[in-house]
Amino acid sequence: MALIHDSVAQCREPRIISVIGDSNVGKTVYLGLLLDMLARRAGDFEAIPKGGYSVFLQQNVVGHLANRVFPPKTPMEADQWYWAYYQIAYRSKNAGWFDLIMPDMAGEALAAEVDAPRTYGVIRSLLHKAEGAILLVDAAVAAQGSAQPDFFALKLMSYLDNMFAVKRTEKVRTPVAVVLCKADCCPQAFDDPRIFAQTNMNRLWNICDSRFHNVEFFASSMVGSLGYVAHAPEHIVSVPLHAAPRGIVEPFEWILAQL
């Protein structure tokens, strides 16, 4: 309700940018670091949170990483998600302000909605109203030869295609930034994200080429190095030894340029 009241007070319609992706791909960490970097004026942005609730996500992520642990998984219940409402502008340009709403959606809830549309009405409504989407895919798993990231991204893009496409002869014009996450484990993704996606996630590449007019590929990483703790032979936990964000702001900056 605080978010609704804050948006109404601006007397202009806020824009929604959705950060989507599979469970454990790093959506919470990515969004938290992105908001924190914007608040610190990265990329010449001016970012102002509209209400204390908009700071919870970045505070949660930065606090956990400082203690060398990843934040807990996002609950499936929408009323327990972190919602961020920011006003954002370029400091060096007279381009006006963007009112942006960015929710941290649970990967399991997103998967349930994609597999059975209208299971999570709030997700469908958010994606339908979104003016841009940042799709996170696990580049490290894809580089190991697993088809899971490719299949899940294919399902998500097919879902967006069915939602936005008017005619089969027309491509979807909603801008989508495909972000190859955990690229610190596969540096070749930074060399050429488009070639990496075409080579390792060909199904995703093909649907983007066939059905989407405005897609760009990026590579990103959130941590500089990882450690591993074995609590039991079958339970190994990864530990972020230090945060070293790379390629976080660029996808968001590209999305804003398309709006």
# chains A, B, ... in the order shown; residues from 1 in each chain; ligands from 1

call {"tool": "closest_atom_pairs", "arguments": {"of": "region 12-102 of chain A", "to": "region 116-123 of chain A", "cutoff": "10 Å", "atoms": "only C-alpha atoms", "output": "tab-separated table"}}
result
residue	atom	partner	partner_atom	distance
A:Ser18	CA	A:Ile123	CA	9.6
A:Met76	CA	A:Tyr120	CA	9.8
A:Glu77	CA	A:Tyr120	CA	9.6
A:Ala78	CA	A:Val122	CA	7.5

call {"tool": "write_last_selection", "arguments": {"atoms": "N, CA and C atoms", "output": "short mmCIF file (atom, residue, chain, number, x, y, z; two decimals), in the first residue's frame"}}
result
data_model
loop_
_atom_site.label_atom_id
_atom_site.label_comp_id
_atom_site.auth_asym_id
_atom_site.auth_seq_id
_atom_site.Cartn_x
_atom_site.Cartn_y
_atom_site.Cartn_z
N SER A 18 11.06 -5.61 -14.96
CA SER A 18 11.04 -6.91 -14.29
C SER A 18 12.40 -7.59 -14.42
N MET A 76 8.00 -17.64 -1.79
CA MET A 76 7.10 -17.72 -2.93
C MET A 76 5.90 -16.79 -2.79
N GLU A 77 5.56 -16.40 -1.56
CA GLU A 77 4.41 -15.53 -1.33
C GLU A 77 4.75 -14.10 -1.74
N ALA A 78 3.90 -13.51 -2.60
CA ALA A 78 4.18 -12.18 -3.15
C ALA A 78 4.21 -11.11 -2.06
#

call {"tool": "residues_around", "arguments": {"residues": "Ala140 (chain A)", "least_positions_apart": "2", "cutoff": "7 Å", "atoms": "only C-alpha atoms", "output": "list in words"}}
result
Asp138, Ala142, Ala143, Gln144, Lys182, Ala183, Cys185 and Cys186 of chain A

call {"tool": "write_last_selection", "arguments": {"atoms": "C-alpha atoms", "output": "PDB file, in the first residue's frame"}}
result
ATOM      1  CA  ASP A 138      23.249 -19.047 -15.401  1.00  0.00           C
ATOM      2  CA  ALA A 142      25.505 -23.500 -19.356  1.00  0.00           C
ATOM      3  CA  ALA A 143      29.274 -23.472 -19.932  1.00  0.00           C
ATOM      4  CA  GLN A 144      29.489 -26.877 -18.217  1.00  0.00           C
ATOM      5  CA  LYS A 182      28.163 -15.847 -12.846  1.00  0.00           C
ATOM      6  CA  ALA A 183      30.434 -15.037 -15.779  1.00  0.00           C
ATOM      7  CA  CYS A 185      33.285 -18.780 -13.702  1.00  0.00           C
ATOM      8  CA  CYS A 186      33.408 -18.597 -17.527  1.00  0.00           C
TER       9      CYS A 186
END

call {"tool": "atom_distance", "arguments": {"atom1": "CA of Lys171 (chain A)", "atom2": "CA of Glu108 (chain A)"}}
result
28.0 Å

call {"tool": "closest_residue", "arguments": {"among": "A:Phe217, A:Tyr159, A:Phe196, A:Tyr85", "to": "Gly51 (chain A)", "atoms": "only C-alpha atoms"}}
result
A:Tyr85

call {"tool": "closest_atom_pairs", "arguments": {"of": "region 99-123 of chain A", "to": "region 63-74 of chain A", "cutoff": "9 Å", "atoms": "only C-alpha atoms", "output": "Markdown table"}}
result
| residue | atom | partner | partner_atom | distance |
| --- | --- | --- | --- | --- |
| A:Asp104 | CA | A:Thr74 | CA | 7.6 |
| A:Met105 | CA | A:Thr74 | CA | 7.1 |
| A:Ala106 | CA | A:Thr74 | CA | 5.1 |
| A:Gly107 | CA | A:Thr74 | CA | 7.8 |
| A:Glu108 | CA | A:Thr74 | CA | 9.0 |

call {"tool": "write_last_selection", "arguments": {"atoms": "N, CA and C atoms", "output": "PDB file, in the first residue's frame"}}
result
ATOM      1  N   ASP A 104      11.411  -8.025  -6.484  1.00  0.00           N
ATOM      2  CA  ASP A 104      12.283  -9.203  -6.419  1.00  0.00           C
ATOM      3  C   ASP A 104      11.398 -10.445  -6.366  1.00  0.00           C
ATOM      4  N   MET A 105      11.121 -11.031  -7.515  1.00  0.00           N
ATOM      5  CA  MET A 105      10.206 -12.175  -7.597  1.00  0.00           C
ATOM      6  C   MET A 105      10.929 -13.482  -7.303  1.00  0.00           C
ATOM      7  N   ALA A 106      10.238 -14.415  -6.692  1.00  0.00           N
ATOM      8  CA  ALA A 106      10.804 -15.729  -6.396  1.00  0.00           C
ATOM      9  C   ALA A 106      10.894 -16.554  -7.671  1.00  0.00           C
ATOM     10  N   GLY A 107      12.040 -17.214  -7.873  1.00  0.00           N
ATOM     11  CA  GLY A 107      12.221 -18.030  -9.060  1.00  0.00           C
ATOM     12  C   GLY A 107      11.253 -19.185  -9.146  1.00  0.00           C
ATOM     13  N   GLU A 108      10.945 -19.810  -8.000  1.00  0.00           N
ATOM     14  CA  GLU A 108      10.004 -20.935  -7.998  1.00  0.00           C
ATOM     15  C   GLU A 108       8.600 -20.482  -8.388  1.00  0.00           C
TER      16      GLU A 108
END

call {"tool": "select_by_dssp", "arguments": {"residues": "region 58-134 of chain A", "states": "strand (DSSP E)", "output": "PyMOL selection string"}}
result
chain A and resi 83-90+98-103+130-134

call {"tool": "residues_around", "arguments": {"residues": "Ile17 (chain A)", "least_positions_apart": "2", "cutoff": "8 Å", "atoms": "only C-alpha atoms", "output": "VMD selection string"}}
result
chain A and resid 15 19 100 to 102 130 to 134

call {"tool": "closest_residue", "arguments": {"among": "A:Asp191, A:Asp99, A:Glu253, A:Glu113", "to": "Lys155 (chain A)", "atoms": "only C-alpha atoms"}}
result
A:Glu113

call {"tool": "closest_residue", "arguments": {"among": "A:Ser54, A:Gln59, A:Gln198, A:Gln188", "to": "Ala219 (chain A)", "atoms": "only C-alpha atoms"}}
result
A:Gln188

call {"tool": "residues_around", "arguments": {"residues": "region 24-26 of chain A", "least_positions_apart": "4", "cutoff": "7 Å", "atoms": "only C-alpha atoms", "output": "PDB file with C-alpha atoms, in the first residue's frame"}}
result
ATOM      1  CA  TYR A  30      21.761  -8.763  -8.872  1.00  0.00           C
ATOM      2  CA  LEU A 136      19.137 -13.590 -15.905  1.00  0.00           C
ATOM      3  CA  VAL A 137      20.570 -16.918 -17.065  1.00  0.00           C
ATOM      4  CA  ASP A 138      23.249 -19.047 -15.401  1.00  0.00           C
TER       5      ASP A 138
END

call {"tool": "atom_distance", "arguments": {"atom1": "CA of Ser146 (chain A)", "atom2": "CA of Pro75 (chain A)"}}
result
26.2 Å
